[in-house]
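input-v1.csv (CSV, C-alpha atoms) appears below.
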```csv
chain,number,residue,atom,x,y,z
S,168,MET,CA,0.0,0.0,0.0
S,169,PHE,CA,1.4,3.4,-1.0
S,170,ASP,CA,0.5,6.5,1.0
S,171,TYR,CA,0.7,8.6,-2.1
S,172,LEU,CA,0.4,7.9,-5.8
S,173,ILE,CA,2.0,10.8,-7.7
S,174,VAL,CA,1.2,11.3,-11.4
S,175,GLY,CA,4.1,13.1,-13.0
S,176,ALA,CA,7.8,13.2,-12.3
S,177,GLY,CA,8.5,16.8,-13.0
S,178,PHE,CA,9.2,19.5,-10.4
S,179,ALA,CA,5.9,19.4,-8.7
S,180,GLY,CA,5.7,15.6,-8.3
S,181,SER,CA,9.3,15.1,-7.5
S,182,VAL,CA,9.5,17.8,-4.8
S,183,LEU,CA,6.4,16.4,-3.1
S,184,ALA,CA,7.8,12.8,-3.4
S,185,GLU,CA,11.0,13.8,-1.8
S,186,ARG,CA,9.4,15.7,1.1
S,187,LEU,CA,6.8,13.1,1.8
S,188,ALA,CA,9.4,10.3,1.7
S,189,THR,CA,12.2,11.9,3.6
S,190,ARG,CA,10.4,14.2,6.1
S,191,SER,CA,7.1,12.2,6.6
S,192,ASN,CA,8.3,8.7,6.0
S,193,LYS,CA,5.6,8.1,3.5
S,194,LYS,CA,5.6,5.4,0.8
S,195,VAL,CA,5.4,7.1,-2.6
S,196,LEU,CA,4.9,5.8,-6.1
S,197,ILE,CA,5.6,8.1,-9.0
S,198,LEU,CA,4.1,7.4,-12.5
S,199,ASP,CA,5.2,9.2,-15.7
S,200,LYS,CA,4.1,8.6,-19.3
S,201,ARG,CA,7.6,9.6,-20.5
S,202,SER,CA,10.7,7.4,-20.4
S,203,HIS,CA,12.5,9.7,-18.0
S,204,ILE,CA,12.1,11.8,-14.8
S,205,ALA,CA,12.5,15.6,-14.6
S,206,GLY,CA,9.5,16.5,-16.8
S,207,ASN,CA,10.2,19.3,-19.3
S,208,ALA,CA,13.5,20.1,-17.4
S,209,TYR,CA,15.0,16.8,-18.5
S,210,ASP,CA,18.5,17.2,-20.0
S,211,HIS,CA,20.9,14.5,-21.4
S,212,TYR,CA,24.1,14.1,-23.3
S,213,ASN,CA,23.5,13.8,-27.0
S,214,GLU,CA,25.4,11.5,-29.4
S,215,ASP,CA,28.3,14.0,-29.5
S,216,GLY,CA,28.5,14.2,-25.8
S,217,ILE,CA,27.0,17.7,-25.4
S,218,LEU,CA,24.5,18.3,-22.6
S,219,VAL,CA,21.2,19.5,-24.1
S,220,HIS,CA,17.8,20.3,-22.8
S,221,LYS,CA,15.4,18.1,-24.7
S,222,TYR,CA,12.4,20.4,-24.3
S,223,GLY,CA,14.0,23.7,-24.8
S,224,PRO,CA,16.1,26.0,-22.6
S,225,HIS,CA,15.4,25.9,-18.8
S,226,ILE,CA,17.0,28.9,-17.0
S,227,PHE,CA,16.7,28.8,-13.2
S,228,HIS,CA,16.1,32.1,-11.5
S,229,THR,CA,14.3,33.0,-8.3
S,230,ASN,CA,14.0,35.6,-5.6
S,231,SER,CA,13.0,32.9,-3.1
S,232,LYS,CA,15.8,32.0,-0.7
S,233,ASP,CA,13.8,29.0,0.6
S,234,VAL,CA,13.4,27.6,-2.9
S,235,PHE,CA,17.0,28.1,-3.8
S,236,GLU,CA,18.2,26.6,-0.6
S,237,TYR,CA,15.9,23.6,-0.9
S,238,LEU,CA,17.1,22.7,-4.4
S,239,SER,CA,20.7,23.3,-3.2
S,240,ASN,CA,20.3,20.0,-1.2
S,241,PHE,CA,20.4,18.2,-4.5
S,242,THR,CA,22.8,20.1,-6.7
S,243,ASP,CA,25.8,22.4,-6.8
S,244,TRP,CA,25.3,25.4,-9.0
S,245,ARG,CA,27.0,27.2,-11.9
S,246,PRO,CA,26.5,31.0,-11.6
S,247,TYR,CA,24.7,32.1,-14.8
S,248,GLU,CA,23.0,35.3,-15.8
S,249,HIS,CA,20.9,34.9,-18.9
S,250,ARG,CA,21.2,37.2,-21.9
S,251,VAL,CA,19.1,37.3,-25.0
S,252,LEU,CA,19.5,39.2,-28.3
S,253,ALA,CA,16.7,39.9,-30.8
S,254,SER,CA,17.1,40.0,-34.6
S,255,VAL,CA,15.4,43.3,-35.5
S,256,ASP,CA,15.9,45.4,-38.7
S,257,GLY,CA,19.0,43.4,-39.6
S,258,GLN,CA,20.7,44.0,-36.3
S,259,MET,CA,21.2,42.0,-33.1
S,260,VAL,CA,20.0,44.1,-30.2
S,261,PRO,CA,19.5,43.4,-26.4
S,262,MET,CA,16.2,42.0,-25.3
S,263,PRO,CA,14.4,43.1,-23.1
S,264,ILE,CA,14.6,46.6,-24.6
S,265,ASN,CA,17.2,48.7,-22.9
S,266,LEU,CA,19.2,51.8,-23.5
S,267,ASP,CA,21.6,50.1,-25.9
S,268,THR,CA,18.7,48.6,-27.8
S,269,ILE,CA,17.2,52.1,-28.5
S,270,ASN,CA,20.6,53.7,-29.3
S,271,LYS,CA,21.5,50.9,-31.8
S,272,LEU,CA,18.2,50.7,-33.5
S,273,TYR,CA,17.8,54.5,-34.0
S,274,GLY,CA,21.5,55.5,-34.3
S,275,LEU,CA,21.3,57.6,-31.2
S,276,SER,CA,23.5,58.3,-28.2
S,277,LEU,CA,21.0,58.9,-25.5
S,278,ASN,CA,21.6,58.6,-21.8
S,279,SER,CA,19.3,57.0,-19.3
S,280,PHE,CA,17.3,60.1,-18.6
S,281,GLU,CA,17.0,60.9,-22.3
S,282,VAL,CA,15.9,57.4,-23.3
S,283,GLU,CA,13.2,57.6,-20.6
S,284,GLN,CA,11.8,60.7,-22.3
S,285,PHE,CA,12.2,59.1,-25.7
S,286,LEU,CA,10.1,56.1,-24.7
S,287,GLU,CA,7.5,58.4,-23.1
S,288,SER,CA,7.2,60.3,-26.4
S,289,LEU,CA,6.5,57.0,-28.2
S,290,ALA,CA,4.1,55.5,-25.6
S,291,GLU,CA,0.3,55.8,-26.3
S,292,GLN,CA,-2.2,56.7,-23.6
S,293,ILE,CA,-4.5,53.7,-22.9
S,294,PRO,CA,-7.0,54.4,-20.1
S,295,VAL,CA,-7.6,50.7,-19.3
S,296,ILE,CA,-5.0,48.0,-19.9
S,297,LYS,CA,-6.8,44.9,-21.0
S,298,THR,CA,-4.7,43.1,-23.6
S,299,SER,CA,-1.1,42.2,-24.3
S,300,GLU,CA,-1.1,44.9,-27.0
S,301,ASP,CA,-2.2,47.5,-24.5
S,302,VAL,CA,0.6,46.6,-22.2
S,303,VAL,CA,3.4,47.1,-24.7
S,304,VAL,CA,1.9,50.1,-26.7
S,305,SER,CA,1.4,52.0,-23.4
S,306,LYS,CA,5.1,51.5,-22.5
S,307,VAL,CA,7.0,51.8,-25.7
S,308,GLY,CA,4.6,52.8,-28.4
S,309,ARG,CA,3.4,51.1,-31.6
S,310,GLU,CA,6.6,51.1,-33.6
S,311,LEU,CA,8.6,49.1,-31.1
S,312,TYR,CA,5.6,47.0,-30.5
S,313,GLU,CA,5.6,46.1,-34.2
S,314,LYS,CA,9.4,45.5,-34.2
S,315,PHE,CA,9.7,43.3,-31.1
S,316,PHE,CA,6.3,41.9,-29.9
S,317,ARG,CA,3.5,41.6,-32.4
S,318,ASN,CA,4.8,39.0,-34.8
S,319,TYR,CA,6.7,37.1,-32.1
S,320,THR,CA,3.4,36.8,-30.1
S,321,ARG,CA,1.5,35.8,-33.2
S,322,LYS,CA,4.0,33.0,-33.8
S,323,GLN,CA,4.1,31.9,-30.1
S,324,TRP,CA,0.4,32.0,-29.4
S,325,GLY,CA,-1.2,31.7,-32.9
S,326,MET,CA,-3.1,34.9,-32.0
S,327,ASP,CA,-2.6,38.6,-32.2
S,328,PRO,CA,-1.6,40.3,-28.9
S,329,SER,CA,-4.9,42.2,-29.0
S,330,GLU,CA,-6.6,38.9,-28.4
S,331,LEU,CA,-4.5,37.8,-25.4
S,332,ASP,CA,-4.7,38.7,-21.8
S,333,LYS,CA,-2.3,41.4,-20.5
S,334,SER,CA,-0.4,38.9,-18.5
S,335,VAL,CA,1.4,37.5,-21.6
S,336,THR,CA,3.6,40.6,-22.1
S,337,SER,CA,3.4,42.3,-18.7
S,338,ARG,CA,6.3,40.1,-17.5
S,339,VAL,CA,8.7,41.6,-20.0
S,340,PRO,CA,10.4,44.8,-18.7
S,341,THR,CA,11.7,47.8,-20.5
S,342,ARG,CA,14.9,49.3,-19.1
S,343,THR,CA,16.4,52.8,-19.4
S,344,ASN,CA,19.9,51.6,-18.3
S,345,ARG,CA,22.4,49.2,-19.9
S,346,ASP,CA,21.4,46.1,-17.9
S,347,ASP,CA,21.1,43.4,-20.5
S,348,ARG,CA,20.3,40.5,-18.2
S,349,TYR,CA,17.0,38.8,-19.1
S,350,PHE,CA,16.2,38.3,-15.4
S,351,THR,CA,17.1,40.4,-12.4
S,352,ASP,CA,16.3,37.8,-9.7
S,353,THR,CA,18.5,37.5,-6.6
S,354,TYR,CA,19.4,33.9,-7.4
S,355,GLN,CA,20.4,33.0,-10.9
S,356,ALA,CA,22.3,29.8,-11.6
S,357,MET,CA,22.2,26.5,-13.5
S,358,PRO,CA,22.5,23.0,-11.9
S,359,LEU,CA,26.2,22.3,-12.2
S,360,HIS,CA,25.7,18.7,-13.5
S,361,GLY,CA,22.3,19.3,-15.1
S,362,TYR,CA,18.7,19.1,-14.1
S,363,THR,CA,18.3,15.3,-14.5
S,364,ARG,CA,21.2,14.7,-12.1
S,365,MET,CA,19.5,17.0,-9.6
S,366,PHE,CA,16.2,15.1,-10.0
S,367,GLU,CA,18.0,11.7,-9.6
S,368,ARG,CA,19.4,12.9,-6.2
S,369,MET,CA,16.0,14.2,-5.2
S,370,LEU,CA,14.3,10.9,-5.8
S,371,ASP,CA,17.0,8.7,-4.5
S,372,HIS,CA,15.2,7.3,-1.4
S,373,PRO,CA,14.0,3.8,-0.4
S,374,ASN,CA,10.5,5.2,0.2
S,375,ILE,CA,10.2,6.3,-3.4
S,376,SER,CA,9.3,4.0,-6.3
S,377,ILE,CA,9.2,5.1,-9.9
S,378,MET,CA,7.3,3.7,-12.9
S,379,LEU,CA,8.2,5.3,-16.3
S,380,ASN,CA,6.5,4.7,-19.6
S,381,THR,CA,3.3,4.4,-17.6
S,382,ASP,CA,-0.1,6.0,-18.2
S,383,TYR,CA,-1.9,6.2,-14.8
S,384,HIS,CA,-5.1,5.2,-16.5
S,385,ASP,CA,-3.6,1.8,-17.2
S,386,VAL,CA,-2.6,1.0,-13.6
S,387,ILE,CA,-4.6,3.0,-11.2
S,388,ASP,CA,-7.1,0.2,-10.6
S,389,PHE,CA,-4.4,-2.2,-9.7
S,390,ILE,CA,-2.2,-0.2,-7.4
S,391,PRO,CA,-3.3,0.2,-3.7
S,392,PHE,CA,-2.8,3.8,-2.5
S,393,LYS,CA,-4.4,6.2,0.0
S,394,GLU,CA,-4.2,9.6,-1.8
S,395,ILE,CA,-3.3,11.0,-5.2
S,396,ILE,CA,-1.1,13.9,-6.1
S,397,PHE,CA,-1.9,14.8,-9.7
S,398,THR,CA,0.4,17.1,-11.8
S,399,GLY,CA,-1.1,16.3,-15.3
S,400,PRO,CA,-3.8,18.2,-17.2
S,401,VAL,CA,-6.7,18.8,-14.9
S,402,ASP,CA,-9.2,18.4,-17.7
S,403,GLU,CA,-7.8,15.0,-18.6
S,404,TYR,CA,-8.3,13.9,-15.0
S,405,PHE,CA,-12.0,14.6,-15.3
S,406,ASP,CA,-12.3,13.0,-18.7
S,407,PHE,CA,-12.7,16.4,-20.4
S,408,LYS,CA,-16.2,16.7,-18.8
S,409,PHE,CA,-16.5,20.4,-19.7
S,410,GLY,CA,-14.4,20.3,-22.8
S,411,LYS,CA,-10.7,20.5,-23.5
S,412,LEU,CA,-8.6,23.3,-22.1
S,413,PRO,CA,-6.6,24.9,-24.9
S,414,TYR,CA,-2.8,24.9,-24.9
S,415,ARG,CA,0.0,26.0,-27.2
S,416,SER,CA,2.7,23.4,-27.9
S,417,LEU,CA,6.2,23.4,-29.2
S,418,GLU,CA,8.3,21.4,-31.7
S,419,PHE,CA,12.1,21.3,-31.1
S,420,LYS,CA,14.6,20.9,-33.9
S,421,HIS,CA,18.0,20.0,-32.4
S,422,GLU,CA,21.2,20.3,-34.4
S,423,THR,CA,24.9,19.7,-33.5
S,424,LEU,CA,27.3,21.9,-35.5
S,425,ASN,CA,31.0,21.4,-36.2
S,426,THR,CA,32.0,24.7,-34.6
S,427,GLU,CA,32.8,25.8,-31.1
S,428,LYS,CA,30.3,28.7,-31.0
S,429,PHE,CA,27.3,29.5,-33.2
S,430,LEU,CA,25.3,32.4,-31.6
S,431,ALA,CA,26.2,35.8,-30.4
S,432,ALA,CA,24.2,35.2,-27.2
S,433,PRO,CA,22.9,32.1,-25.4
S,434,VAL,CA,19.5,32.7,-27.0
S,435,VAL,CA,18.5,34.8,-30.1
S,436,ASN,CA,14.9,35.7,-30.7
S,437,TYR,CA,13.5,36.1,-34.2
S,438,PRO,CA,10.3,38.2,-33.8
S,439,ASN,CA,9.7,38.8,-37.5
S,440,GLU,CA,11.6,36.4,-39.8
S,441,HIS,CA,11.5,32.6,-39.9
S,442,LEU,CA,8.9,30.2,-38.6
S,443,TYR,CA,10.8,29.5,-35.4
S,444,THR,CA,10.7,32.0,-32.5
S,445,ARG,CA,14.2,31.5,-31.1
S,446,ILE,CA,17.5,29.5,-31.2
S,447,THR,CA,19.3,28.4,-28.1
S,448,GLU,CA,23.0,27.4,-27.8
S,449,PHE,CA,23.3,25.0,-24.9
S,450,LYS,CA,27.0,25.3,-24.1
S,451,ALA,CA,26.4,28.9,-23.3
S,452,LEU,CA,24.0,27.8,-20.6
S,453,THR,CA,25.9,24.9,-19.2
S,454,GLY,CA,29.5,26.2,-19.6
S,455,GLN,CA,30.5,22.9,-21.1
S,456,GLN,CA,33.8,22.8,-23.1
S,457,HIS,CA,33.5,20.9,-26.4
S,458,PRO,CA,34.9,21.4,-29.9
S,459,LYS,CA,31.3,21.2,-31.3
S,460,THR,CA,28.2,23.0,-30.3
S,461,SER,CA,24.5,22.1,-30.1
S,462,VAL,CA,21.5,24.3,-30.7
S,463,VAL,CA,17.7,24.0,-30.7
S,464,TYR,CA,15.2,25.8,-32.9
S,465,GLU,CA,11.7,26.3,-31.4
S,466,TYR,CA,8.6,26.1,-33.5
S,467,PRO,CA,5.3,26.9,-31.8
S,468,LYS,CA,2.3,24.9,-32.9
S,469,ALA,CA,-1.3,24.3,-31.9
S,470,GLU,CA,-1.2,20.5,-31.4
S,471,GLY,CA,1.2,18.3,-29.3
S,472,ASP,CA,2.3,18.1,-25.7
S,473,PRO,CA,0.7,20.9,-23.6
S,474,TYR,CA,3.2,23.6,-22.8
S,475,TYR,CA,1.5,27.0,-22.4
S,476,PRO,CA,-2.1,27.6,-21.2
S,477,ILE,CA,-3.6,30.2,-23.5
S,478,PRO,CA,-4.5,33.2,-21.3
S,479,ARG,CA,-7.9,34.3,-22.4
S,480,LEU,CA,-11.0,35.0,-20.4
S,481,GLU,CA,-13.1,32.1,-21.8
S,482,ASN,CA,-10.3,29.7,-21.0
S,483,ALA,CA,-10.0,30.9,-17.4
S,484,GLU,CA,-13.8,30.4,-17.0
S,485,LEU,CA,-13.5,26.9,-18.4
S,486,TYR,CA,-10.6,26.1,-16.0
S,487,ASN,CA,-12.7,27.5,-13.0
S,488,LYS,CA,-15.3,24.8,-13.7
S,489,TYR,CA,-12.5,22.1,-13.4
S,490,LYS,CA,-11.1,23.8,-10.4
S,491,LYS,CA,-14.4,23.5,-8.6
S,492,LEU,CA,-14.5,19.8,-9.4
S,493,ALA,CA,-10.9,19.5,-8.2
S,494,ASP,CA,-11.6,21.2,-4.9
S,495,GLU,CA,-14.6,18.9,-4.3
S,496,THR,CA,-12.6,15.7,-5.1
S,497,PRO,CA,-11.5,14.1,-1.8
S,498,ASN,CA,-7.9,12.7,-1.4
S,499,VAL,CA,-6.8,14.1,-4.8
S,500,HIS,CA,-4.4,17.1,-4.8
S,501,PHE,CA,-3.8,19.1,-7.9
S,502,VAL,CA,-0.4,20.9,-8.3
S,503,GLY,CA,1.8,22.3,-11.0
S,504,ARG,CA,1.3,24.0,-14.4
S,505,LEU,CA,-1.0,21.6,-16.0
S,506,ALA,CA,-3.1,20.7,-13.0
S,507,THR,CA,-3.7,24.4,-12.2
S,508,TYR,CA,-3.8,25.7,-15.8
S,509,LYS,CA,-1.2,28.4,-15.2
S,510,TYR,CA,2.2,29.1,-16.6
S,511,TYR,CA,4.7,29.0,-13.7
S,512,ASN,CA,8.4,29.4,-13.7
S,513,MET,CA,10.3,26.5,-12.2
S,514,ASP,CA,10.8,28.2,-8.9
S,515,GLN,CA,7.1,28.9,-8.6
S,516,VAL,CA,6.3,25.2,-9.2
S,517,VAL,CA,8.8,24.2,-6.5
S,518,ALA,CA,7.2,26.8,-4.1
S,519,GLN,CA,3.7,25.5,-4.9
S,520,ALA,CA,4.8,22.0,-4.2
S,521,LEU,CA,6.4,22.9,-0.9
S,522,THR,CA,3.3,24.8,0.1
S,523,LEU,CA,1.1,21.8,-0.6
S,524,TYR,CA,3.5,19.6,1.4
S,525,LYS,CA,3.0,21.9,4.4
S,526,LYS,CA,-0.7,21.7,4.0
S,527,LEU,CA,-0.6,17.9,3.9
S,528,THR,CA,1.7,17.9,7.0
S,529,ASP,CA,-0.6,20.3,8.9
S,530,LYS,CA,-3.5,18.1,8.0
S,531,ALA,CA,-1.7,15.0,9.3
S,532,GLU,CA,-0.7,16.8,12.5
S,533,LYS,CA,-4.3,17.7,13.1
S,534,VAL,CA,-5.3,14.1,12.7
S,535,ALA,CA,-2.4,13.1,15.0
S,536,ASP,CA,-3.6,15.4,17.7
S,537,LYS,CA,-7.0,13.8,18.0
S,538,PRO,CA,-7.1,11.3,20.9
S,539,SER,CA,-7.6,7.7,19.8
S,540,ILE,CA,-10.6,5.7,21.0
S,541,THR,CA,-8.3,3.5,23.1
S,542,GLY,CA,-6.4,6.4,24.5
S,543,SER,CA,-3.1,5.0,23.2
S,544,ALA,CA,-0.8,6.5,20.6
S,545,SER,CA,-2.5,8.6,17.9
S,546,ILE,CA,-3.3,7.2,14.5
S,547,MET,CA,-0.6,9.2,12.8
S,548,GLU,CA,2.0,8.3,15.3
S,549,LYS,CA,1.4,4.7,14.4
S,550,LEU,CA,1.5,5.3,10.7
S,551,VAL,CA,4.4,7.8,10.6
S,552,PRO,CA,7.3,7.0,12.8
S,553,ARG,CA,9.1,10.3,13.5
S,554,ASP,CA,12.9,10.6,13.1
S,555,PRO,CA,14.2,13.5,15.2
S,556,ALA,CA,17.3,13.7,12.9
S,557,LYS,CA,15.0,14.6,10.0
S,558,GLU,CA,12.9,17.2,11.8
```
Encoded form (C-alpha cells):
Amino acid sequence: MFDYLIVGAGFAGSVLAERLATRSNKKVLILDKRSHIAGNAYDHYNEDGILVHKYGPHIFHTNSKDVFEYLSNFTDWRPYEHRVLASVDGQMVPMPINLDTINKLYGLSLNSFEVEQFLESLAEQIPVIKTSEDVVVSKVGRELYEKFFRNYTRKQWGMDPSELDKSVTSRVPTRTNRDDRYFTDTYQAMPLHGYTRMFERMLDHPNISIMLNTDYHDVIDFIPFKEIIFTGPVDEYFDFKFGKLPYRSLEFKHETLNTEKFLAAPVVNYPNEHLYTRITEFKALTGQQHPKTSVVYEYPKAEGDPYYPIPRLENAELYNKYKKLADETPNVHFVGRLATYKYYNMDQVVAQALTLYKKLTDKAEKVADKPSITGSASIMEKLVPRDPAKE
C-alpha cells in the first residue's frame, strides 16, 4: 500500500515525493508517461557528448531564498545570468529593450534620462490596460511593439496580442539603463551537472518507487494507495467533462554543429523572420567545453504536448469549472502548471509543491492530535514513525 500515488515526475511531483518520503516517512509511487524523470526540465548528453535540454532551454532564477536553498540540497550550482538578443531590422539588439537597444536601432547616443523621455514620447495613452497589445503600446509605443512583440506573439500563441490577456507581455520589462540581463532575480544559476542529475538525487530514497512509460489510467485500478497527487492536465483527470482546455505546444529541432560557437548570445529571438521563435545554444547555458556546439530551434504549434495555457477570459472560465471539481474531489491534490492551468516558472512550481506539502503535513498533524478511541498513541504516530534527525 502506497501512501501517495503521484502522477508526473517533473518538479511538482518530484519535490512532493522527496518531502513526503524523507520528512514524513511516506511510501510514494511516481508514475510518468515519459521514459524519464525531470519533466520538461529533462536534460541529457546527445550523441556528440553535449549536454542539451530536450524540451528547450530551462533557465533557473528565483527571488526565493527558501526555494534556492531547498534545491541546493540536490545540486551544486554554476553561476549564470541569462542574456538574449533579438534580430530586428537586420541587427542583433538586447532583449528586453534597454538603453543600448534604442541607441543601436535608431542610431542615437541617448543617456538613461533621455531614453526615458524618448520612450514616453512613443508611448500611447491607454485608459484601461486589458490586452497584451495594450501593455506594450502603453510602455514603448506602436513602432517598437511592431518590431519586437507583435509578430513574435503571433508565432508563439497563434493569435494577435490584441486577443490575449495582458499577463502575456506584462512580464517583459523595458529598461532605461544598460542592464542586458534577461532576469534580475537574486538567485540566478544552472545546476552544475544538469537538471536530470538534480532530480536523480532528489528521488534517491527507499520510500520512493518510480514507474516510467506508464499512463496512470492503465494501472490506477491495480495499485493500492491512499491519496493521489496529480500534476497532469486537470481536464484530462476529469475526462474532459466540460471540454478540452486549450494549450500551445512546441516542436524542437536539435542540431549539432561542427564549430565551437554559433550564436552571439545564449538565446537569439526572431520576432519577424523565420517560422521559429528563437534559437538556443546549450553550451552557453551549461558552460561545457566541447569542440562542437548544439542548438535547438523552437517552432510553436497548436497540437502536441501541452506547454502554455492560453491566457484568455473564456479559458479561465472553463478552468474554473474544473477547479471547482478538483476542490470537491477528496484525497486528490492538484499541483503544477498543467493541474492548475497556469504558466509557472520552475521556482514557482517548487514553491507551490512545498506549500502543498506543508498543508498535507498540517492536516496530518491535526489528525495526529486527535485522541484515539483506546487512549493509546494517535493514528498518525502509528502510521508515521518520527525521526528526530529529520525534523
Distance CA of Pro224 in chain S-CA of Val434 in chain S, one decimal place? 8.7 Å
Residues near range 413-415 of chain S, cut-off 12 Å, all atoms listed in the file, skip fewer than 5 positions along chain, as a ChimeraX atom specification: /S:320-326,400-403,407,466-483,485-486,504-505,508-510
Which residue is closest to Gly361 in chain S? Choose from S:Thr343, S:Asn374, S:Gln292, S:Thr242 and count all atoms listed in the file. S:Thr242
Length of the CA of Asp243 in chain S to CA of Gly223 in chain S vector [Å]: 21.6 Å
Once 6 Å is added on each side, what centre and edge lengths in Å to one decimal does the axis-aligned box around all listed atoms of range 220-223 of chain S have, as lines of an AutoDock Vina configuration file?
```
center_x = 15.1
center_y = 20.9
center_z = -23.8
size_x = 17.4
size_y = 17.6
size_z = 14.0
```
Can you pull out the residues contacting range 251-256 of chain S? Cut-off 8 Å, using all atoms listed in the file, and skip same-chain residues under 2 positions away; I want them as a list in words. His249, Gln258, Met259, Val260, Pro261, Met262, Pro263, Leu272, Lys314, Phe315, Asp347, Arg348, Tyr349, Ala431, Ala432, Pro433, Val434, Val435, Asn436, Tyr437, Pro438 and Asn439 of chain S
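Counting only C-alpha atoms and comparing S:Thr447, S:Asn213, S:Ser416, S:Thr341, the residue that lies closest to Phe429 in chain S is S:Thr447.
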When you count all atoms listed in the file, which of these residues is closest to Glu248 in chain S: S:Ala179, S:Ala356, S:Leu523, S:Ala188? S:Ala356
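What separates CA of Ile173 in chain S from CA of Asp388 in chain S is a distance of 14.3 Å.
Closest approach to Pro497 in chain S among S:Lys193, S:Lys393, S:Lys420, S:Lys232: S:Lys393, based on all atoms listed in the file.
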Mind checking which residues fall within 9 Å of Arg309 in chain S, counting all atoms listed in the file, ignoring those fewer than 4 positions away in the same chain, and posting them as a ChimeraX atom specification? /S:289-291,300,303-305,313-314
File dump, residues just selected, C-alpha atoms, as a PDB file, in the coordinates of the input:
```pdb
ATOM      1  CA  LEU S 289       6.500  57.000 -28.200  1.00  0.00           C
ATOM      2  CA  ALA S 290       4.100  55.500 -25.600  1.00  0.00           C
ATOM      3  CA  GLU S 291       0.300  55.800 -26.300  1.00  0.00           C
ATOM      4  CA  GLU S 300      -1.100  44.900 -27.000  1.00  0.00           C
ATOM      5  CA  VAL S 303       3.400  47.100 -24.700  1.00  0.00           C
ATOM      6  CA  VAL S 304       1.900  50.100 -26.700  1.00  0.00           C
ATOM      7  CA  SER S 305       1.400  52.000 -23.400  1.00  0.00           C
ATOM      8  CA  GLU S 313       5.600  46.100 -34.200  1.00  0.00           C
ATOM      9  CA  LYS S 314       9.400  45.500 -34.200  1.00  0.00           C
TER      10      LYS S 314
END
```
Exercise: residues within 8 Å of coordinate (23.8, 24.2, -34.5), counting all atoms listed in the file, as a ChimeraX atom specification: /S:421-425,429,448,460-463
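The nearest approach to Ala208 in chain S among the residues S:Leu277, S:Val302, S:Ile226, S:Met378, with only C-alpha atoms taken into account, belongs to S:Ile226.
Neighbouring residues of Ile204 in chain S at 10 Å or closer, counting only C-alpha atoms and skipping chain neighbours under 2 positions away, are Gly175, Ala176, Gly177, Phe178, Gly180, Ser181, Ile197, Leu198, Asp199, Lys200, Arg201, Ser202, Gly206, Asn207, Ala208, Tyr209, Asp210, Tyr362, Thr363, Arg364, Phe366, Glu367, Leu370, Ile377, Met378 and Leu379 of chain S.
Counting all atoms listed in the file and comparing S:Asn265, S:Val174, S:Leu286, S:His220, the residue that lies closest to Ala506 in chain S is S:Val174.
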Identify the residues around (6.2, 24.3, -11.0) within a radius of 9 Å, measuring from all atoms listed in the file in the coordinates stated by the file, and give them as a PyMOL selection string. chain S and resi 177-179+502-504+510-520
Can you patch up range 205-215 of chain S, filling it in to N, CA, C and O atoms, and show the result as a PDB file, keeping the file's coordinate frame?
```pdb
ATOM      1  N   ALA S 205      12.140  14.160 -14.437  1.00  0.00           N
ATOM      2  CA  ALA S 205      12.500  15.600 -14.600  1.00  0.00           C
ATOM      3  C   ALA S 205      11.577  16.379 -15.486  1.00  0.00           C
ATOM      4  O   ALA S 205      11.789  17.576 -15.680  1.00  0.00           O
ATOM      5  N   GLY S 206      10.525  15.755 -16.035  1.00  0.00           N
ATOM      6  CA  GLY S 206       9.500  16.500 -16.800  1.00  0.00           C
ATOM      7  C   GLY S 206      10.176  17.267 -17.952  1.00  0.00           C
ATOM      8  O   GLY S 206      11.102  16.789 -18.611  1.00  0.00           O
ATOM      9  N   ASN S 207       9.703  18.497 -18.164  1.00  0.00           N
ATOM     10  CA  ASN S 207      10.200  19.300 -19.300  1.00  0.00           C
ATOM     11  C   ASN S 207      11.636  19.828 -18.973  1.00  0.00           C
ATOM     12  O   ASN S 207      12.296  20.347 -19.886  1.00  0.00           O
ATOM     13  N   ALA S 208      12.101  19.704 -17.748  1.00  0.00           N
ATOM     14  CA  ALA S 208      13.500  20.100 -17.400  1.00  0.00           C
ATOM     15  C   ALA S 208      14.504  19.075 -17.751  1.00  0.00           C
ATOM     16  O   ALA S 208      15.706  19.312 -17.575  1.00  0.00           O
ATOM     17  N   TYR S 209      14.082  17.950 -18.254  1.00  0.00           N
ATOM     18  CA  TYR S 209      15.000  16.800 -18.500  1.00  0.00           C
ATOM     19  C   TYR S 209      16.110  17.274 -19.490  1.00  0.00           C
ATOM     20  O   TYR S 209      15.888  17.889 -20.529  1.00  0.00           O
ATOM     21  N   ASP S 210      17.349  16.957 -19.091  1.00  0.00           N
ATOM     22  CA  ASP S 210      18.500  17.200 -20.000  1.00  0.00           C
ATOM     23  C   ASP S 210      19.303  15.881 -20.070  1.00  0.00           C
ATOM     24  O   ASP S 210      19.200  14.985 -19.217  1.00  0.00           O
ATOM     25  N   HIS S 211      20.097  15.769 -21.136  1.00  0.00           N
ATOM     26  CA  HIS S 211      20.900  14.500 -21.400  1.00  0.00           C
ATOM     27  C   HIS S 211      22.021  14.870 -22.313  1.00  0.00           C
ATOM     28  O   HIS S 211      22.036  15.918 -22.972  1.00  0.00           O
ATOM     29  N   TYR S 212      22.983  13.965 -22.361  1.00  0.00           N
ATOM     30  CA  TYR S 212      24.100  14.100 -23.300  1.00  0.00           C
ATOM     31  C   TYR S 212      23.750  13.509 -24.614  1.00  0.00           C
ATOM     32  O   TYR S 212      23.377  12.337 -24.689  1.00  0.00           O
ATOM     33  N   ASN S 213      23.844  14.302 -25.684  1.00  0.00           N
ATOM     34  CA  ASN S 213      23.500  13.800 -27.000  1.00  0.00           C
ATOM     35  C   ASN S 213      24.589  12.901 -27.572  1.00  0.00           C
ATOM     36  O   ASN S 213      25.573  12.604 -26.887  1.00  0.00           O
ATOM     37  N   GLU S 214      24.435  12.482 -28.799  1.00  0.00           N
ATOM     38  CA  GLU S 214      25.400  11.500 -29.400  1.00  0.00           C
ATOM     39  C   GLU S 214      26.811  12.086 -29.468  1.00  0.00           C
ATOM     40  O   GLU S 214      27.777  11.329 -29.492  1.00  0.00           O
ATOM     41  N   ASP S 215      26.926  13.407 -29.482  1.00  0.00           N
ATOM     42  CA  ASP S 215      28.300  14.000 -29.500  1.00  0.00           C
ATOM     43  C   ASP S 215      28.804  14.354 -28.168  1.00  0.00           C
ATOM     44  O   ASP S 215      29.877  14.952 -28.054  1.00  0.00           O
TER      45      ASP S 215
END
```
